[in-house]
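J.: Mind looking over this structure? Questions follow.
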Amino acid sequence: MLKLVIGNKNYSSWSMRPWVLLRQAGIEFEEVKVRFDSFAPDSAFKRALARLKVAGKVPVLLDGDLAIWDTLSIAEYLAESFPDKHLWPTDRKARARARSLCAELHSGFSALRSHCPMNIEASLPEVGALVWRDQPGVRADVERLETLWGDALAEHGGPMLFGDFSVADAFFAPICTRLHTYGLPLSDTVAAYVQRVRALPGVQAWITEALAEQDFLDFEEPYRLKR
């Protein structure tokens, strides 16, 4: 059986992507959680990942003695391994566009990630209001999301970006949680998409388990002294 090595569900946006993809697609896997204690070289987290001989980050997909790291690589491996699941859109042009969206997310949206780190348990609209006021990069990132999501939804008719659920929706699921946590201003179209993504069974399962962790990590939440 496939194994997926992840970090804390409340904080690990990168882990969320393949976990939701696997769960929503109905692909069986075993979860292996490595708790974030710190990211120092001698931390238990780093030592655990060092044993896998990977990049020292989560997620990692294990298929027998094969280790695949990086979310894009994991998504492509799963799409090749389970072609019947149609993890990418079946239409060639839509598939290319979906890959482009995932690649842009993979390397971009740094302001939104930096100033609005994923925290599923929290409700931080007051932090979001300050970020929105003071961080033009965050406003630009949300404007770009509005364009990307709005165009895809209009072209393919929803409910997901390319009609049916795909890798693209799994990749943007952590972004949807950020937008919700920080209460950032959204158009009606994009706000409705965020809620549809959050309502997916795979995403709901992740959220439920994230809330159950009750594992406050102060180094992940510099904006709060305590939970």
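Chains: A, B, ... in order of the structure tokens. Residues: from 1 per chain. Ligands: from 1, in order shown.
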Output as a Markdown table one row per residue of segment 68-130 of chain A within 7 Å of segment 172-178 of chain A: the closest atom pair and its distance in Å to one decimal place, counting only C-alpha atoms, sorted by chain and residue number ascending.
T.:
```
| residue | atom | partner | partner_atom | distance |
| --- | --- | --- | --- | --- |
| A:Cys116 | CA | A:Arg178 | CA | 6.4 |
| A:Pro117 | CA | A:Arg178 | CA | 6.9 |
| A:Met118 | CA | A:Arg178 | CA | 5.4 |
| A:Ile120 | CA | A:Thr177 | CA | 6.4 |
```
J.: Go ahead and dump the residues you just picked, N, CA and C atoms, as an mmCIF file, in the first residue's frame.
T.:
```
data_model
loop_
_atom_site.group_PDB
_atom_site.id
_atom_site.type_symbol
_atom_site.label_atom_id
_atom_site.label_comp_id
_atom_site.auth_asym_id
_atom_site.auth_seq_id
_atom_site.Cartn_x
_atom_site.Cartn_y
_atom_site.Cartn_z
ATOM 1 N N CYS A 116 0.093 35.033 5.285
ATOM 2 C CA CYS A 116 -1.101 34.309 5.731
ATOM 3 C C CYS A 116 -0.790 32.816 5.780
ATOM 4 N N PRO A 117 0.091 32.386 6.685
ATOM 5 C CA PRO A 117 0.423 30.967 6.765
ATOM 6 C C PRO A 117 -0.806 30.130 7.114
ATOM 7 N N MET A 118 -0.812 28.909 6.616
ATOM 8 C CA MET A 118 -1.977 28.062 6.846
ATOM 9 C C MET A 118 -2.139 27.759 8.326
ATOM 10 N N ILE A 120 -5.517 26.074 10.094
ATOM 11 C CA ILE A 120 -6.914 25.686 9.933
ATOM 12 C C ILE A 120 -7.711 25.938 11.204
#
```
J.: Would you mind writing down, as an MDAnalysis selection string, each residue of segment 33-223 of chain A that DSSP on the backbone assigns to strand (DSSP E)?
T.: chainID A and resid 33 60:63 66:69
J.: Segment 30-102 of chain A near segment 130-148 of chain A within 12 Å: what's each residue's closest atom pair and its distance in Å to one decimal, counting only C-alpha atoms, ordered by chain then ascending residue number, as CSV?
T.:
```
residue,atom,partner,partner_atom,distance
A:Arg97,CA,A:Leu148,CA,10.0
A:Ala98,CA,A:Leu148,CA,10.2
A:Ser100,CA,A:Leu148,CA,10.3
A:Leu101,CA,A:Leu148,CA,7.6
A:Cys102,CA,A:Leu148,CA,10.8
```
J.: Nearest to Arg35 of chain A: which of A:Phe171, A:Trp19, A:Phe216, A:Phe109 is it, counting only C-alpha atoms?
T.: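 Closest to Arg35 of chain A, using only C-alpha atoms: A:Phe216.
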J.: So, counting only C-alpha atoms, which residue among A:Thr71, A:Asn8, A:Ser81, A:Ser114 is closest to Lys33 of chain A?
T.: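 Comparing A:Thr71, A:Asn8, A:Ser81, A:Ser114 against Lys33 of chain A, the winner is A:Asn8.
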